[in-house]
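K.L.:
Take this structure, written in structure tokens, and hold onto it; I'll ask about it next.
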Amino acid sequence: MVLKDGAFHAVDSSELAFRLATIGAFREAFKLAKPVILEPIMNVEVVAPAEFQSMLFFPFPKFVLIRLSGNVIGGLNTRRGTIIDSEVRDDEFTAVADVALNDMFGYSNQLRGSTQGKGEFSMEYKV
């Protein structure tokens, strides 16, 4: 943003007035530009045994919850993933999601932990 013209008046002009005018002009221009944050989106396909599709809890007396299996779909959701498709075949399931590349770092460790090392995934850049 470039200020092309301005006037100074001894009574009304001050450094604060110019700063506030600049901030207001920037905010207005920013809203009119309708900015969009761009980041690489990956198409992720996860294949794992069906027992790990969702998280199961078994309630014990006194409301103690014990985790019995991992949660692959929940893991993708926590990484801001958008689930595109999910299907179960025989004893395994496949989940397809769109996830930002930055959120996929460390996913292999999480998937391995939540599926007892039985899950695998692939990702490719979504054009």
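In the structure tokens, the first chain shown is A, the next is B, and so on; residue numbers restart at 1 for each chain, and ligands run from 1 in the order shown.
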Which residues, written as a list of chain:residue names, have at least one atom at most 12 Å from Gly106 of chain A, with only C-alpha atoms counted and residues fewer than 5 positions away on the same chain left out?

P.N.:
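Residues near the query, excluding close chain neighbours: A:Gly75, A:Leu76, A:Arg79, A:Leu101, A:Leu111, A:Arg112, A:Gly113.
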
K.L.:
Could you list, as JSON, numbers by chain, every residue within 12 Å of Arg89 of chain A, counting only C-alpha atoms and ignoring same-chain residues fewer than 6 positions away?

P.N.:
{"A": [47, 48, 49, 50, 51, 53, 95]}

K.L.:
Expressed in Å to a single decimal, how great is the separation between atom CA of Glu87 of chain A and atom CA of Val127 of chain A?

P.N.:
23.5 Å

K.L.:
Nearest residue to Tyr125 of chain A out of A:Ile41, A:Ser108, A:Asn71, A:Glu92, using only C-alpha atoms?

P.N.:
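Closest candidate: A:Ile41.
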
K.L.:
Would you mind telling me which residue in A:Lys4, A:Arg19, A:Lys126, A:Lys118 lies nearest to Ala100 of chain A when using only C-alpha atoms?

P.N.:
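For Ala100 of chain A, the nearest of the given residues is A:Lys126.
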
K.L.:
Could you please write out, as a list of chain:residue names, every residue of segment 7-49 of chain A that DSSP assigns to strand (DSSP E)?

P.N.:
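In segment 7-49 of chain A, DSSP puts these residues in strand (DSSP E): A:Ile41, A:Met42, A:Asn43, A:Val44, A:Glu45, A:Val46, A:Val47, A:Ala48, A:Pro49.
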
K.L.:
Counting only C-alpha atoms, which of A:Val72, A:Met104, A:Val99, A:Val44 gets nearest to Ser122 of chain A?

P.N.:
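Nearest to Ser122 of chain A: A:Val44.
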
K.L.:
Hey, what's within 12 Å of Asn102 of chain A if we count only C-alpha atoms and toss same-chain stuff fewer than 5 positions away? As a PyMOL selection string, please?

P.N.:
chain A and resi 38-42+79-81+107

K.L.:
Record the distance separating atom CA of Met123 of chain A and atom CA of Glu45 of chain A, expressed in Å with one decimal.

P.N.:
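So the answer is 6.3 Å.
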
K.L.:
Do you know which residues are at most 9 Å from Asp85 of chain A counting only C-alpha atoms, after dropping those on the same chain fewer than 3 positions away, and could you put them as a ChimeraX atom specification?

P.N.:
/A:94-97

K.L.:
Would you mind exporting N, CA, C and O atoms of the selected residues as a CSV table (one decimal), in the first residue's frame?

P.N.:
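This went into part-v4.csv:
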```csv
chain,number,residue,atom,x,y,z
A,94,THR,N,-10.7,-49.0,4.3
A,94,THR,CA,-9.9,-48.0,3.6
A,94,THR,C,-10.5,-46.6,3.8
A,94,THR,O,-11.7,-46.5,3.7
A,95,ALA,N,-9.8,-45.7,4.2
A,95,ALA,CA,-10.3,-44.3,4.4
A,95,ALA,C,-9.5,-43.4,3.4
A,95,ALA,O,-8.2,-43.5,3.4
A,96,VAL,N,-10.2,-42.5,2.7
A,96,VAL,CA,-9.5,-41.5,1.8
A,96,VAL,C,-9.9,-40.2,2.4
A,96,VAL,O,-11.0,-39.9,2.7
A,97,ALA,N,-8.9,-39.3,2.5
A,97,ALA,CA,-9.1,-38.0,3.0
A,97,ALA,C,-8.1,-37.0,2.4
A,97,ALA,O,-7.1,-37.3,1.8
```

K.L.:
To one decimal place, how far is atom CA of Ala33 of chain A from atom CA of Phe18 of chain A in Å?

P.N.:
22.4 Å

K.L.:
For a quick check of understanding, using only C-alpha atoms, which of A:Asp103, A:Val46, A:Lys31, A:Ser14 has the smallest distance to Thr78 of chain A?

P.N.:
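The answer is A:Asp103, which sits nearest to Thr78 of chain A.
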
K.L.:
A:Asn109, A:Phe52, A:Gly117, A:Asn43: which is nearest Ile84 of chain A, counting only C-alpha atoms?

P.N.:
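Nearest to Ile84 of chain A: A:Asn43.
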